[in-house]
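File shown: entry19.tsv. Contents: TSV, C-alpha atoms.
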chain	number	residue	atom	x	y	z
Y	244	MET	CA	-8.91	60.62	-12.56
Y	245	SER	CA	-10.89	59.32	-15.46
Y	246	ALA	CA	-14.61	59.88	-15.66
Y	247	TRP	CA	-15.59	56.24	-15.30
Y	248	ARG	CA	-13.62	55.80	-12.12
Y	249	ALA	CA	-15.13	58.96	-10.73
Y	250	ALA	CA	-18.53	57.39	-11.47
Y	251	GLY	CA	-17.67	54.47	-9.22
Y	252	LEU	CA	-16.74	51.90	-11.82
Y	253	ASN	CA	-13.57	49.87	-11.76
Y	254	TYR	CA	-11.56	48.83	-14.76
Y	255	ILE	CA	-13.36	45.50	-15.09
Y	256	ASN	CA	-16.76	47.18	-15.27
Y	257	TYR	CA	-15.39	49.68	-17.70
Y	258	SER	CA	-13.89	47.08	-20.02
Y	259	GLN	CA	-16.99	44.89	-19.77
Y	260	ILE	CA	-19.20	47.72	-20.91
Y	261	ALA	CA	-16.80	48.47	-23.75
Y	262	ALA	CA	-16.71	44.78	-24.73
Y	263	ARG	CA	-20.47	44.53	-24.72
Y	264	LEU	CA	-20.76	47.59	-26.98
Y	265	VAL	CA	-18.25	46.10	-29.40
Y	266	ARG	CA	-20.20	42.83	-29.45
Y	267	GLN	CA	-23.41	44.67	-30.18
Y	268	ALA	CA	-21.76	46.55	-33.00
Y	269	LEU	CA	-20.72	43.37	-34.81
Y	270	LYS	CA	-22.39	42.20	-37.98
Y	271	ALA	CA	-25.29	39.79	-37.46
Y	272	ASP	CA	-23.48	36.59	-38.43
Y	273	LEU	CA	-20.57	37.24	-36.05
Y	274	ARG	CA	-22.74	38.61	-33.32
Y	275	VAL	CA	-24.42	35.25	-32.64
Y	276	GLU	CA	-21.08	33.67	-31.81
Y	277	ALA	CA	-19.94	36.68	-29.80
Y	278	THR	CA	-23.08	36.91	-27.65
Y	279	LYS	CA	-22.41	33.34	-26.50
Y	280	ARG	CA	-19.22	34.63	-24.90
Y	281	ASP	CA	-21.20	37.35	-23.16
Y	282	GLU	CA	-22.71	34.92	-20.65
Y	283	ALA	CA	-21.81	34.41	-17.05
Y	284	ASN	CA	-23.18	31.59	-14.92
Y	285	VAL	CA	-21.28	31.99	-11.69
Y	286	ARG	CA	-23.23	32.33	-8.46
Y	287	PHE	CA	-21.83	33.39	-5.14
Y	288	THR	CA	-22.43	32.31	-1.60
Y	289	GLN	CA	-20.90	34.47	1.09
Y	290	TRP	CA	-19.37	32.68	4.05
Y	291	LYS	CA	-19.23	33.92	7.57
Y	292	ASP	CA	-17.72	32.22	10.64
Y	293	GLY	CA	-17.39	28.89	8.91
Y	294	LYS	CA	-20.94	28.78	7.63
Y	295	PRO	CA	-22.55	29.95	4.41
Y	296	ALA	CA	-24.47	33.15	4.95
Y	297	SER	CA	-28.04	32.80	3.81
Y	298	ILE	CA	-28.15	35.71	1.39
Y	299	LYS	CA	-26.99	34.82	-2.08
Y	300	ARG	CA	-25.70	37.74	-3.97
Y	301	HIS	CA	-26.08	37.89	-7.72
Y	302	CYS	CA	-24.04	40.15	-9.88
Y	303	SER	CA	-25.68	41.49	-12.95
Y	304	LEU	CA	-23.61	41.52	-16.09
Y	305	ASN	CA	-22.40	45.06	-15.72
Y	306	GLY	CA	-21.08	44.18	-12.31
Y	307	SER	CA	-23.42	46.14	-10.13
Y	308	ILE	CA	-24.57	44.14	-7.17
Y	309	LEU	CA	-28.20	43.28	-6.77
Y	310	ASN	CA	-29.49	41.70	-3.64
E	29	MET	CA	-57.81	-11.64	2.56
E	30	PHE	CA	-56.09	-10.41	-0.55
E	31	CYS	CA	-53.80	-8.32	1.56
E	32	HIS	CA	-52.89	-11.31	3.62
E	33	GLY	CA	-52.07	-13.30	0.50
E	34	LYS	CA	-49.77	-10.61	-0.69
E	35	GLN	CA	-47.89	-10.67	2.56
E	36	LEU	CA	-47.47	-14.37	2.25
E	37	LEU	CA	-46.15	-13.96	-1.24
E	38	ALA	CA	-43.63	-11.42	-0.02
E	39	LEU	CA	-42.55	-13.82	2.68
E	40	ALA	CA	-42.32	-16.71	0.29
E	41	LEU	CA	-40.29	-14.89	-2.34
E	42	PRO	CA	-36.94	-14.57	-0.61
E	43	ALA	CA	-37.22	-18.18	0.53
E	44	GLN	CA	-37.53	-19.45	-3.02
E	45	PRO	CA	-33.96	-18.83	-4.29
E	46	THR	CA	-32.41	-20.69	-1.39
E	47	SER	CA	-34.29	-23.85	-2.31
E	48	GLN	CA	-32.72	-23.94	-5.76
E	49	ARG	CA	-29.24	-22.64	-5.13
E	50	GLY	CA	-27.70	-23.24	-8.52
E	51	MET	CA	-30.44	-21.41	-10.33
E	52	ALA	CA	-30.39	-18.53	-7.91
E	53	THR	CA	-26.71	-17.79	-8.33
E	54	LEU	CA	-27.19	-18.03	-12.05
E	55	LYS	CA	-29.89	-15.40	-11.84
E	56	SER	CA	-27.94	-13.13	-9.50
E	57	ILE	CA	-24.93	-13.34	-11.77
E	58	SER	CA	-26.98	-12.37	-14.78
E	59	ILE	CA	-28.47	-9.40	-12.88
E	60	ARG	CA	-24.98	-8.33	-11.85
E	61	LEU	CA	-23.75	-8.75	-15.41
E	62	LYS	CA	-26.55	-6.60	-16.73
E	63	SER	CA	-25.84	-3.79	-14.27
E	64	VAL	CA	-22.12	-3.80	-14.98
E	65	LYS	CA	-22.91	-3.63	-18.69
E	66	ASN	CA	-25.10	-0.60	-18.05
E	67	ILE	CA	-22.37	1.07	-16.04
E	68	GLN	CA	-19.94	0.48	-18.86
E	69	LYS	CA	-22.34	2.08	-21.30
E	70	ILE	CA	-22.64	5.12	-19.05
E	71	THR	CA	-18.89	5.53	-18.55
E	72	GLN	CA	-18.31	5.10	-22.25
E	73	SER	CA	-20.75	7.83	-23.16
E	74	MET	CA	-19.34	10.09	-20.43
E	75	LYS	CA	-15.95	9.57	-21.98
E	76	MET	CA	-17.29	10.58	-25.38
E	77	VAL	CA	-18.89	13.70	-23.95
E	78	SER	CA	-15.79	14.78	-22.08
E	79	ALA	CA	-13.65	14.08	-25.15
E	80	ALA	CA	-15.75	16.54	-27.13
E	81	LYS	CA	-15.65	19.05	-24.30
E	82	TYR	CA	-11.92	18.56	-23.91
E	83	ASN	CA	-11.30	19.38	-27.58
E	84	ARG	CA	-13.13	22.63	-27.17
E	85	ALA	CA	-11.44	23.43	-23.89
E	86	GLU	CA	-8.01	22.91	-25.40
E	87	ARG	CA	-8.82	25.19	-28.33
E	88	ASP	CA	-10.06	27.85	-25.92
E	89	LEU	CA	-7.03	27.43	-23.72
E	90	LYS	CA	-4.64	28.22	-26.56
E	91	GLN	CA	-6.34	31.57	-27.00
E	92	ALA	CA	-6.44	32.31	-23.28
E	93	ARG	CA	-2.80	31.46	-22.56
E	94	PRO	CA	-1.24	34.82	-23.52
E	95	LEU	CA	-3.59	36.59	-21.10
E	96	GLY	CA	-2.37	34.68	-18.09
E	97	GLN	CA	1.26	34.40	-19.12
E	98	GLY	CA	1.42	38.13	-19.80
E	99	ALA	CA	0.13	38.97	-16.36
E	100	LYS	CA	2.56	36.56	-14.76
E	101	VAL	CA	5.55	37.95	-16.65
E	102	PHE	CA	4.63	41.48	-15.58
E	103	TYR	CA	5.07	40.48	-11.94
E	104	GLU	CA	8.27	38.61	-12.67
E	105	GLN	CA	9.89	41.44	-14.65
E	106	ALA	CA	9.12	44.05	-12.04
E	107	GLU	CA	10.35	41.70	-9.29
E	108	ILE	CA	7.41	42.37	-7.10
E	109	ALA	CA	7.58	40.93	-3.63
E	110	PRO	CA	4.79	40.84	-1.05
E	111	SER	CA	5.06	43.73	1.38
E	112	GLU	CA	6.12	42.78	4.87
E	113	SER	CA	3.70	45.13	6.57
E	114	GLU	CA	0.65	43.38	5.16
E	115	PRO	CA	0.66	39.72	6.21
E	116	LYS	CA	-2.88	39.04	5.06
E	117	LYS	CA	-3.18	36.55	2.26
E	118	LEU	CA	-5.77	35.37	-0.18
E	119	MET	CA	-5.91	31.93	-1.76
E	120	ILE	CA	-8.14	31.23	-4.69
E	121	ALA	CA	-8.82	27.56	-5.36
E	122	VAL	CA	-9.84	27.00	-8.96
E	123	THR	CA	-11.95	23.84	-9.27
E	124	SER	CA	-15.43	23.09	-10.53
E	125	ASP	CA	-18.75	21.60	-9.41
E	126	ARG	CA	-18.34	18.32	-11.17
E	127	GLY	CA	-16.64	15.21	-9.94
E	128	LEU	CA	-15.66	11.89	-11.54
E	129	CYS	CA	-12.46	13.31	-12.90
E	130	GLY	CA	-9.60	11.79	-10.96
E	131	ALA	CA	-7.57	13.84	-8.55
E	132	VAL	CA	-8.03	17.24	-10.19
E	133	HIS	CA	-9.98	18.82	-7.36
E	134	THR	CA	-8.35	17.04	-4.47
E	135	GLY	CA	-4.92	18.07	-5.77
E	136	VAL	CA	-5.77	21.76	-5.61
E	137	SER	CA	-7.43	21.44	-2.23
E	138	ARG	CA	-4.57	19.39	-0.82
E	139	ASN	CA	-2.08	22.01	-1.98
E	140	ILE	CA	-3.92	24.68	0.01
E	141	ARG	CA	-4.38	22.37	2.99
E	142	ASP	CA	-0.67	21.56	3.15
E	143	ALA	CA	0.32	25.21	2.84
E	144	LEU	CA	-2.03	26.26	5.64
E	145	LEU	CA	-1.36	23.38	7.99
E	146	ALA	CA	2.40	23.77	7.64
E	147	ASN	CA	2.29	27.29	8.98
E	148	PRO	CA	-0.20	28.15	11.76
E	149	ALA	CA	0.50	31.86	11.41
E	150	GLU	CA	-0.65	31.69	7.85
E	151	LEU	CA	-3.82	29.92	8.90
E	152	GLU	CA	-4.81	33.02	10.86
E	153	ASN	CA	-4.08	35.47	8.10
E	154	THR	CA	-5.35	33.64	5.06
E	155	LYS	CA	-8.74	33.76	3.49
E	156	ILE	CA	-9.84	31.24	0.90
E	157	VAL	CA	-12.01	31.80	-2.13
E	158	CYS	CA	-13.45	28.57	-3.50
E	159	ILE	CA	-14.31	28.48	-7.16
E	160	GLY	CA	-16.45	25.39	-7.62
E	161	GLU	CA	-18.34	23.27	-5.11
E	162	LYS	CA	-15.70	20.55	-5.02
E	163	SER	CA	-13.03	22.62	-3.33
E	164	ARG	CA	-15.65	23.95	-0.95
E	165	ALA	CA	-16.66	20.42	0.04
E	166	ILE	CA	-13.08	19.54	0.87
E	167	LEU	CA	-11.87	22.80	2.38
E	168	SER	CA	-14.94	23.74	4.41
E	169	ARG	CA	-14.32	20.84	6.80
E	170	LEU	CA	-10.86	22.04	7.81
E	171	PHE	CA	-10.88	25.74	7.07
E	172	GLY	CA	-14.56	26.70	7.21
E	173	LYS	CA	-13.71	29.88	9.09
E	174	ASN	CA	-11.24	30.96	6.44
E	175	ILE	CA	-13.59	30.78	3.50
E	176	LEU	CA	-14.47	34.19	2.18
E	177	PHE	CA	-17.00	33.17	-0.44
E	178	VAL	CA	-17.81	30.30	-2.74
E	179	ALA	CA	-18.44	30.64	-6.44
E	180	SER	CA	-20.62	27.82	-7.71
E	181	GLU	CA	-22.20	26.85	-11.03
E	182	VAL	CA	-18.72	26.46	-12.48
E	183	GLY	CA	-17.92	23.62	-14.85
E	184	ARG	CA	-21.26	23.00	-16.51
E	185	LYS	CA	-20.32	25.28	-19.36
E	186	PRO	CA	-16.86	26.40	-20.44
E	187	PRO	CA	-15.74	29.39	-18.37
E	188	THR	CA	-16.13	32.79	-19.99
E	189	PHE	CA	-14.30	36.00	-19.32
E	190	ASN	CA	-17.46	37.36	-17.76
E	191	ASP	CA	-17.38	34.56	-15.20
E	192	ALA	CA	-13.83	35.49	-14.29
E	193	ALA	CA	-14.71	39.18	-14.24
E	194	LYS	CA	-17.60	38.54	-11.86
E	195	ILE	CA	-15.36	36.60	-9.51
E	196	ALA	CA	-12.73	39.35	-9.67
E	197	ILE	CA	-15.35	41.97	-8.86
E	198	GLU	CA	-16.61	39.82	-6.01
E	199	VAL	CA	-13.06	39.56	-4.63
E	200	MET	CA	-12.69	43.32	-4.79
E	201	ASN	CA	-16.11	43.96	-3.27
E	202	SER	CA	-15.61	41.46	-0.47
E	203	GLY	CA	-13.94	44.15	1.58
E	204	TYR	CA	-11.00	41.91	2.40
E	205	SER	CA	-7.69	43.64	1.79
E	206	TYR	CA	-4.80	41.31	1.20
E	207	GLY	CA	-1.09	41.96	0.87
E	208	SER	CA	-0.43	39.02	-1.38
E	209	GLY	CA	-2.18	35.97	-2.66
E	210	LYS	CA	-2.20	32.99	-4.89
E	211	ILE	CA	-4.46	31.51	-7.49
E	212	ILE	CA	-4.06	27.76	-7.29
E	213	PHE	CA	-5.10	25.77	-10.30
E	214	ASN	CA	-4.23	22.75	-12.42
E	215	ARG	CA	-2.00	23.65	-15.33
E	216	PHE	CA	-2.72	21.53	-18.33
E	217	LYS	CA	0.38	19.87	-19.79
E	218	SER	CA	-0.90	17.13	-22.06
E	219	VAL	CA	-3.89	14.80	-22.33
E	220	VAL	CA	-2.44	12.54	-19.69
E	221	SER	CA	-0.83	15.04	-17.35
E	222	TYR	CA	-1.54	18.22	-15.46
E	223	LYS	CA	0.35	19.92	-12.70
E	224	ILE	CA	-0.66	22.13	-9.83
E	225	ASP	CA	0.54	25.64	-10.43
E	226	ASN	CA	-0.09	29.03	-8.94
E	227	LEU	CA	-0.28	32.62	-10.08
E	228	PRO	CA	0.74	35.40	-7.69
E	229	LEU	CA	-1.53	38.22	-6.58
E	230	TYR	CA	-0.33	41.46	-5.02
E	231	ASP	CA	-1.92	44.60	-3.74
E	232	LYS	CA	-1.16	48.03	-5.08
E	233	SER	CA	1.40	49.06	-2.50
E	234	ALA	CA	3.50	45.98	-3.25
E	235	VAL	CA	3.51	46.89	-6.93
E	236	THR	CA	4.34	50.57	-6.48
E	237	THR	CA	7.25	49.82	-4.17
E	238	ALA	CA	8.71	47.10	-6.41
E	239	PRO	CA	12.43	47.70	-7.07
E	240	LYS	CA	12.34	47.18	-10.80
E	241	LEU	CA	9.07	48.83	-11.69
E	242	SER	CA	11.03	51.41	-13.68
E	243	VAL	CA	11.42	48.88	-16.52
E	244	TYR	CA	7.88	49.90	-17.41
E	245	ASP	CA	7.30	53.27	-18.93
E	246	SER	CA	4.70	55.91	-18.07
E	247	LEU	CA	3.09	54.25	-15.10
E	248	ASP	CA	1.06	56.40	-12.83
E	249	ASP	CA	-1.06	55.39	-9.90
E	250	GLU	CA	-4.22	55.06	-11.88
E	251	VAL	CA	-2.71	52.91	-14.62
E	252	ILE	CA	-1.36	50.51	-12.01
E	253	GLN	CA	-4.72	50.39	-10.26
E	254	SER	CA	-6.52	49.66	-13.52
E	255	TYR	CA	-3.95	47.11	-14.58
E	256	LEU	CA	-4.16	45.25	-11.27
E	257	GLU	CA	-7.91	45.07	-11.56
E	258	PHE	CA	-7.74	43.80	-15.10
E	259	SER	CA	-4.90	41.37	-14.43
E	260	LEU	CA	-6.86	39.80	-11.56
E	261	ALA	CA	-9.72	39.08	-13.96
E	262	SER	CA	-7.48	37.86	-16.74
E	263	MET	CA	-5.43	35.61	-14.47
E	264	LEU	CA	-8.62	34.13	-13.08
E	265	PHE	CA	-9.87	33.59	-16.60
E	266	TYR	CA	-6.65	31.92	-17.63
E	267	SER	CA	-6.52	29.67	-14.57
E	268	MET	CA	-10.16	28.70	-15.02
E	269	LYS	CA	-9.46	27.74	-18.62
E	270	GLU	CA	-6.44	25.70	-17.58
E	271	GLY	CA	-8.47	24.08	-14.84
E	272	ALA	CA	-11.37	23.26	-17.17
E	273	CYS	CA	-9.02	21.75	-19.73
E	274	SER	CA	-7.20	19.56	-17.21
E	275	GLU	CA	-10.51	18.54	-15.69
E	276	GLN	CA	-11.94	17.37	-18.99
E	277	SER	CA	-8.79	15.54	-20.00
E	278	SER	CA	-8.60	13.91	-16.59
E	279	ARG	CA	-12.25	12.92	-16.76
E	280	MET	CA	-11.60	11.43	-20.17
E	281	THR	CA	-8.84	9.16	-18.84
E	282	ALA	CA	-10.83	8.38	-15.69
E	283	MET	CA	-13.83	7.30	-17.71
E	284	ASP	CA	-11.63	5.36	-20.10
E	285	ASN	CA	-10.20	3.45	-17.16
E	286	ALA	CA	-13.65	2.89	-15.72
E	287	SER	CA	-14.89	1.45	-19.02
E	288	LYS	CA	-11.85	-0.78	-19.21
E	289	ASN	CA	-12.38	-2.03	-15.66
E	290	ALA	CA	-16.05	-2.63	-16.37
E	291	GLY	CA	-15.02	-4.60	-19.45
E	292	GLU	CA	-12.74	-6.78	-17.35
E	293	MET	CA	-15.52	-7.34	-14.86
E	294	ILE	CA	-17.92	-8.27	-17.64
E	295	ASP	CA	-15.46	-10.84	-18.98
E	296	LYS	CA	-15.04	-12.39	-15.54
E	297	LEU	CA	-18.76	-12.41	-14.85
E	298	THR	CA	-19.56	-13.96	-18.24
E	299	LEU	CA	-17.04	-16.68	-17.52
E	300	THR	CA	-18.53	-17.48	-14.10
E	301	PHE	CA	-22.01	-17.23	-15.59
E	302	ASN	CA	-21.22	-19.80	-18.27
E	303	ARG	CA	-19.44	-22.03	-15.82
E	304	THR	CA	-22.34	-21.96	-13.37
E	305	ARG	CA	-24.80	-22.67	-16.16
E	306	GLN	CA	-22.72	-25.63	-17.29
E	307	ALA	CA	-22.52	-26.89	-13.70
E	308	VAL	CA	-26.29	-26.67	-13.34
E	309	ILE	CA	-26.82	-28.58	-16.59
E	310	THR	CA	-24.32	-31.25	-15.59
E	311	ARG	CA	-25.90	-31.67	-12.20
E	312	GLU	CA	-29.34	-32.03	-13.68
E	313	LEU	CA	-28.07	-34.62	-16.14
E	314	ILE	CA	-26.44	-36.57	-13.32
E	315	GLU	CA	-29.66	-36.46	-11.36
E	316	ILE	CA	-31.70	-37.72	-14.33
E	317	ILE	CA	-29.23	-40.45	-15.25
E	318	SER	CA	-28.76	-41.64	-11.70
E	319	GLY	CA	-32.53	-41.57	-11.22
E	320	ALA	CA	-33.00	-43.65	-14.34
E	321	ALA	CA	-30.25	-46.05	-13.22
E	322	ALA	CA	-31.94	-46.49	-9.85
E	323	LEU	CA	-35.17	-47.54	-11.53
E	324	GLN	CA	-33.54	-50.29	-13.58
Encoded form (structure tokens):
Amino acid sequence: MSAWRAAGLNYINYSQIAARLVRQALKADLRVEATKRDEANVRFTQWKDGKPASIKRHCSLNGSILN
Amino acid sequence: MFCHGKQLLALALPAQPTSQRGMATLKSISIRLKSVKNIQKITQSMKMVSAAKYNRAERDLKQARPLGQGAKVFYEQAEIAPSESEPKKLMIAVTSDRGLCGAVHTGVSRNIRDALLANPAELENTKIVCIGEKSRAILSRLFGKNILFVASEVGRKPPTFNDAAKIAIEVMNSGYSYGSGKIIFNRFKSVVSYKIDNLPLYDKSAVTTAPKLSVYDSLDDEVIQSYLEFSLASMLFYSMKEGACSEQSSRMTAMDNASKNAGEMIDKLTLTFNRTRQAVITRELIEIISGAAALQ
């Protein structure tokens, strides 16, 4: 088992972290364009029994869940 | 006193147009004409905006295509079939928050509705994930109990891989284990056409027991697990890109049609406006001439 999975990450988290590091390592002129791709705007509403549950969960960029 | 006068004025105002009917219709036509002209301006500029967005979406889509196609071919080559023991299903409807784009959203929602209504057993075992408020609005009425979660704020900006990754993580964290599933989206074909398509989803046990998995080399449990996680994100990304592209192209044609219709309406209204004006002038002339003739 690889170390990152043992630490509780899944492959998406792992590759996102890797992608972010690569973006940060780019030269300044390319980095501007690349950081635009680093955004995420999606918001989630959980549904229960046919109604939206009141708590909205937001994921931070590295995928850990904040309430 | 002043207040009273105002009330009187308000009472008198609607009575005024009826006393001079010709003039009133002339005025109401010109108001109507003005509003239709404004609507045409709005639809025209919306068309321009979506044309620009469409160009970008199509460029992005070309780059995203290999991601989705690759994931799809993997399933096809290994001949993966959903396991019988796990009847639970997941359906992901890829739409967006924005309307005014033809039948893009209703098509996806209708596809899910038909699939679920055709088979009551599936209705019990299927959960729906709505990407975009539009599919939620349509599906929540019929299948409110089946909705797992809704992802909103989609469609304002072009979808990024991080968006797709967040949705994929949310699917995994939802605690719902499914045997198989589908991502339902609009596949972009050309500026004027799109088609509803789906990408398959499977759980790990279905992949490991697939008959032809041996065509792939050096697969262990962990590689498959990682690949499934990644392919969920990449297929979502691909379908969101396809969806965004078809949405923009469809909005472009929808707005084009709307502008054209508004143009037709403007032509008709201008014609009636001119005719009414001419009628009013003629009537006034007749009144003056006949009045003058009566005096002689």
Practice task
Output as number ranges by chain the set of chain E residues within 9 Å of chain Y, with distances taken over only C-alpha atoms.
Solution key: E: 168-169, 171-182, 184-185, 187-198, 202, 250, 253-258, 261
Could those residues be written to a file, using C-alpha atoms, as a PDB file, keeping the file's coordinate frame?
ATOM      1  CA  SER E 168     -14.940  23.740   4.410  1.00  0.00           C
ATOM      2  CA  ARG E 169     -14.320  20.840   6.800  1.00  0.00           C
ATOM      3  CA  PHE E 171     -10.880  25.740   7.070  1.00  0.00           C
ATOM      4  CA  GLY E 172     -14.560  26.700   7.210  1.00  0.00           C
ATOM      5  CA  LYS E 173     -13.710  29.880   9.090  1.00  0.00           C
ATOM      6  CA  ASN E 174     -11.240  30.960   6.440  1.00  0.00           C
ATOM      7  CA  ILE E 175     -13.590  30.780   3.500  1.00  0.00           C
ATOM      8  CA  LEU E 176     -14.470  34.190   2.180  1.00  0.00           C
ATOM      9  CA  PHE E 177     -17.000  33.170  -0.440  1.00  0.00           C
ATOM     10  CA  VAL E 178     -17.810  30.300  -2.740  1.00  0.00           C
ATOM     11  CA  ALA E 179     -18.440  30.640  -6.440  1.00  0.00           C
ATOM     12  CA  SER E 180     -20.620  27.820  -7.710  1.00  0.00           C
ATOM     13  CA  GLU E 181     -22.200  26.850 -11.030  1.00  0.00           C
ATOM     14  CA  VAL E 182     -18.720  26.460 -12.480  1.00  0.00           C
ATOM     15  CA  ARG E 184     -21.260  23.000 -16.510  1.00  0.00           C
ATOM     16  CA  LYS E 185     -20.320  25.280 -19.360  1.00  0.00           C
ATOM     17  CA  PRO E 187     -15.740  29.390 -18.370  1.00  0.00           C
ATOM     18  CA  THR E 188     -16.130  32.790 -19.990  1.00  0.00           C
ATOM     19  CA  PHE E 189     -14.300  36.000 -19.320  1.00  0.00           C
ATOM     20  CA  ASN E 190     -17.460  37.360 -17.760  1.00  0.00           C
ATOM     21  CA  ASP E 191     -17.380  34.560 -15.200  1.00  0.00           C
ATOM     22  CA  ALA E 192     -13.830  35.490 -14.290  1.00  0.00           C
ATOM     23  CA  ALA E 193     -14.710  39.180 -14.240  1.00  0.00           C
ATOM     24  CA  LYS E 194     -17.600  38.540 -11.860  1.00  0.00           C
ATOM     25  CA  ILE E 195     -15.360  36.600  -9.510  1.00  0.00           C
ATOM     26  CA  ALA E 196     -12.730  39.350  -9.670  1.00  0.00           C
ATOM     27  CA  ILE E 197     -15.350  41.970  -8.860  1.00  0.00           C
ATOM     28  CA  GLU E 198     -16.610  39.820  -6.010  1.00  0.00           C
ATOM     29  CA  SER E 202     -15.610  41.460  -0.470  1.00  0.00           C
ATOM     30  CA  GLU E 250      -4.220  55.060 -11.880  1.00  0.00           C
ATOM     31  CA  GLN E 253      -4.720  50.390 -10.260  1.00  0.00           C
ATOM     32  CA  SER E 254      -6.520  49.660 -13.520  1.00  0.00           C
ATOM     33  CA  TYR E 255      -3.950  47.110 -14.580  1.00  0.00           C
ATOM     34  CA  LEU E 256      -4.160  45.250 -11.270  1.00  0.00           C
ATOM     35  CA  GLU E 257      -7.910  45.070 -11.560  1.00  0.00           C
ATOM     36  CA  PHE E 258      -7.740  43.800 -15.100  1.00  0.00           C
ATOM     37  CA  ALA E 261      -9.720  39.080 -13.960  1.00  0.00           C
TER      38      ALA E 261
END
Handout entry: Given all atoms listed in the file as the counted atoms, nearest of E:Lys269, E:Arg303, E:Arg311, E:Lys117 to E:Pro94
Key =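 Looking at the shortest contact to E:Pro94, the residue is E:Lys269.
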Exercise for the section: Record the distance separating atom CA of Y:Ala250 and atom CA of E:Tyr244, expressed in Å with one decimal. Expected result: 28.1 Å
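In this structure, atom CA of E:Glu150 sits 23.3 Å away from atom CA of E:Ser267.
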Handout entry: Polymer residues at most 12 Å from E:Tyr266, only C-alpha atoms, same-chain spacing of 5 or more positions, as a ChimeraX atom specification
Key = /E:85-86,88-100,122,186-189,191-193,211-216,225-227,259-261,271-273
Handout entry: atom CA of E:Ile224 to atom CA of E:Asp284, straight-line distance in Å
Key =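 Straight-line distance from atom CA of E:Asp284 to atom CA of E:Ile224 works out to 22.5 Å.
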